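A.B. asks: Just dropping this structure here.
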Amino acid sequence: MDGEAFRRDGHRLVEWVAEYLDEVERHPVRSRARPGEVFAALPPAAPEHPEPFEQVLSDLDRIVVPGLTHWQHPSFFAYFPANSSYASILAELVTAGLGVNGFSWVTSPAATELEQVMCEWMRELLGLPGRFSFEQEGGGVIQDSASSSTLVAVVAARERAIAAGAEPSRLVAFASEEAHASVQKAMHVAGFAPGALRAIPTDPSFALDADRLRDALVVARHAGQVPFLTIATSGTTSSLAFDPLDALAELAAEHGMWLHVDAAMAGVAALCPEHRFVLDGVARVDSWATNPHKWMGAQFDCALLYVADRAALTAALSTEPAYLASAEAGRVVDYRNWQIPLGRRFRALKLWFLLRLEGAEAVRAMLRRHVAWASELASWVDADSHLELVERPRLNLVCLRHRDGPHATDALVEAANATGRALFTRTVLGGVPTLRFCVGARTTERRHVEAGFALLARLAAEGAGRRAVGARGRPGEAAPHGTGVGKIGGCERPGGVETGDQGREA
Ligand SMILES: *Cc1c(COP(=O)(O)O)cnc(C)c1O
């Protein structure tokens, strides 16, 4: 492919992407592909000679698109949003076209300094404290994922504790039972034994119970262990619960622990001053992470991580082989020392394009629409005779159940997703199956939320009707009682995580 073909086919590809997005609603939200179907439709070996662009394009339509679950679909209410704004799509094209690897300042000064400025812009827009600024001892970086942000926080916290004299084998970390599964994975990858991560029970709102953490810290100290890290969540995956950062910061200060905050989805809500409660207590945390690649519109990968003490992060992750030495080292930011891999994409362009071509106010307007619709949705659920709210809705997430019990909820999720007209996620809260209805796609309009609710209400009524006919005389379905102890992120790995609760009646 030469420059001329690139120009010609590139224009057609932009048309193709624009058309896909124009018509995304026409697809079933969840792919109907069966396992192995896409695999079998592809040739077993790579071509030796060029094929026409038309053929590649037609295979995109014929093989790839039917094998997709459409995350940009307006009725995608599953997991979390993965918004891909037009502006950020263009930025990705620039990133690919420039093809730079900005692992050190000297390998492309603009890649590093634009990223620094984007972190400062976002810090201001979000209302984050000045201690996360390059002007002070902190700074921001764009990682590939919140998982990576958690992993580097774990490693930085560990190295800080060891440098302060802690015995590595005695280190223990804490997170709530509702923390994301990536917390468990980060500890595992960082080389900790399963018992080094303690799962702290939550309060009735599914937020980390700070009193239980206080107790677990006493138990750990008595056992001769060294608490070095607490990972709090601001907006848990299952229910968007907010751990009490103020209380956790108290305990972190008392025990010399690093306090990391995972605000992967909900953090960007702080762009709206009226939602700044998501930052309560942030002034005293050591690191804080959110993903513009979820709700905000800078598509994957774009994960912001802020640290209050950038030297603690780079001390843990710096390597200085001869072939990476540069005259500017020490006077500039070398982002390779802020992350796990060496190589890094020019991700800052996505935020730069998004903020300049759309403006922060457009992003706020979208977040506000979603929050307003989620709150309307919650009132509809509340008024429905077959559905009920599990939790008062927070921001853009509504958690609901079928009033007939856990099996009815499971059946409802299955039936709704099978229609292809909307997509929801099943989770488990307090041991009971729950349907998550996450309003966050850039393309969603109010009518899609209405239709999503109507679908659930209809299926819930039909299910209840069938059960009334089919189950005469049968006792009500019993809720399975999950202990909720010893698990993080809903991981079905019994014994994988220690409960921080030993020696105490559950
Ligand atoms: C989505 C999410 C993650 C994982 O994000 P990645 O960027 O895919 O690693 C972690 N924690 C929370 C709270 C999330 O919402």
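By order in the structure tokens, chains are A, B, ...; within a chain, residues start at 1; ligands start at 1, following the order shown.
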Using only C-alpha atoms and all ligand atoms, find each protein or nucleic acid residue lying at most 6 Å from ligand 1; present the set as number ranges by chain.
C.D. replies: A: 145-147, 180, 235-237, 262-265
A.B. asks: Per residue of stretch 386-443 of chain A within 12 Å of stretch 85-94 of chain A, record the nearest atom pair and its distance in Å to one decimal, counting only C-alpha atoms, with rows in chain order and ascending residue number, as a Markdown table.
C.D. replies:
```
| residue | atom | partner | partner_atom | distance |
| --- | --- | --- | --- | --- |
| A:Ala441 | CA | A:Ser85 | CA | 10.3 |
| A:Arg442 | CA | A:Ser85 | CA | 7.6 |
| A:Thr443 | CA | A:Ser85 | CA | 9.6 |
```
A.B. asks: List the spatial neighbours of stretch 379-384 of chain A as a list in words - criterion: any atom at most 9 Å away, only C-alpha atoms, same-chain residues fewer than 5 positions off excluded.
C.D. replies: Ala374, Leu389, Leu400, Phe453 and Ala457 of chain A
A.B. asks: Could you jot down the atom CA of A:Leu240 to atom CA of A:Leu171 separation for me, Å, one decimal place?
C.D. replies: 28.7 Å
A.B. asks: What's around A:His386 at 9 Å? Count only C-alpha atoms, leave out sequence neighbours fewer than 2 positions away in its own chain, and write the answer as a PyMOL selection string.
C.D. replies: chain A and resi 381+384+388+401-404+457+460-461+464
A.B. asks: Given the selection you just returned, output its residues as a file containing C-alpha atoms, formatted as a tab-separated table (two decimals), in the first residue's frame.
C.D. replies:
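The resulting file, again33.tsv, is reproduced below:
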```
chain	number	residue	atom	x	y	z
A	381	VAL	CA	-38.62	0.79	38.34
A	384	ASP	CA	-43.34	-1.17	38.62
A	388	GLU	CA	-37.69	-3.29	42.40
A	401	ARG	CA	-34.24	-7.06	40.63
A	402	HIS	CA	-37.37	-9.02	39.87
A	403	ARG	CA	-39.69	-9.02	42.85
A	404	ASP	CA	-40.18	-12.78	42.43
A	457	ALA	CA	-41.10	-4.42	32.48
A	460	ALA	CA	-40.74	-9.26	34.02
A	461	ALA	CA	-44.55	-9.33	33.82
A	464	ALA	CA	-44.23	-13.55	36.63
```
A.B. asks: For A:Ala41, find every residue with an atom within 12 Å (counting only C-alpha atoms), except residues of its own chain fewer than 6 positions away, and show them as a ChimeraX atom specification.
C.D. replies: /A:33-35,59-60,62-64,66-67
A.B. asks: With N, CA and C atoms retained, export the selected residues as a short mmCIF file (atom, residue, chain, number, x, y, z; two decimals), in the first residue's frame.
C.D. replies:
```cif
data_model
loop_
_atom_site.label_atom_id
_atom_site.label_comp_id
_atom_site.auth_asym_id
_atom_site.auth_seq_id
_atom_site.Cartn_x
_atom_site.Cartn_y
_atom_site.Cartn_z
N ALA A 33 -23.06 -14.23 17.14
CA ALA A 33 -22.08 -15.23 16.69
C ALA A 33 -21.96 -16.36 17.71
N ARG A 34 -21.89 -17.57 17.21
CA ARG A 34 -21.64 -18.71 18.10
C ARG A 34 -20.14 -18.90 18.24
N PRO A 35 -19.71 -19.54 19.31
CA PRO A 35 -18.25 -19.73 19.49
C PRO A 35 -17.64 -20.44 18.27
N ASP A 59 -15.27 -7.94 3.76
CA ASP A 59 -15.14 -8.93 4.84
C ASP A 59 -15.36 -8.31 6.22
N LEU A 60 -15.04 -7.01 6.33
CA LEU A 60 -15.36 -6.32 7.58
C LEU A 60 -16.88 -6.40 7.81
N ARG A 62 -19.03 -8.48 6.34
CA ARG A 62 -19.57 -9.84 6.27
C ARG A 62 -19.16 -10.69 7.48
N ILE A 63 -17.92 -10.53 7.93
CA ILE A 63 -17.42 -11.43 8.98
C ILE A 63 -17.28 -10.73 10.33
N VAL A 64 -16.71 -9.52 10.28
CA VAL A 64 -16.37 -8.87 11.56
C VAL A 64 -17.60 -8.26 12.24
N PRO A 66 -20.87 -8.74 12.12
CA PRO A 66 -21.81 -9.65 12.80
C PRO A 66 -21.21 -10.31 14.04
N GLY A 67 -19.90 -10.31 14.13
CA GLY A 67 -19.25 -10.90 15.30
C GLY A 67 -18.98 -9.86 16.39
#
```
A.B. asks: So which one's closest to A:Arg336, A:Asp209, A:Glu178, A:Glu19, A:Glu320? Using only C-alpha atoms, please.
C.D. replies: A:Glu320
A.B. asks: Distance atom CA of A:Ala232-atom CA of A:Val390, one decimal place?
C.D. replies: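 Separation of atom CA of A:Ala232 and atom CA of A:Val390: 22.1 Å.
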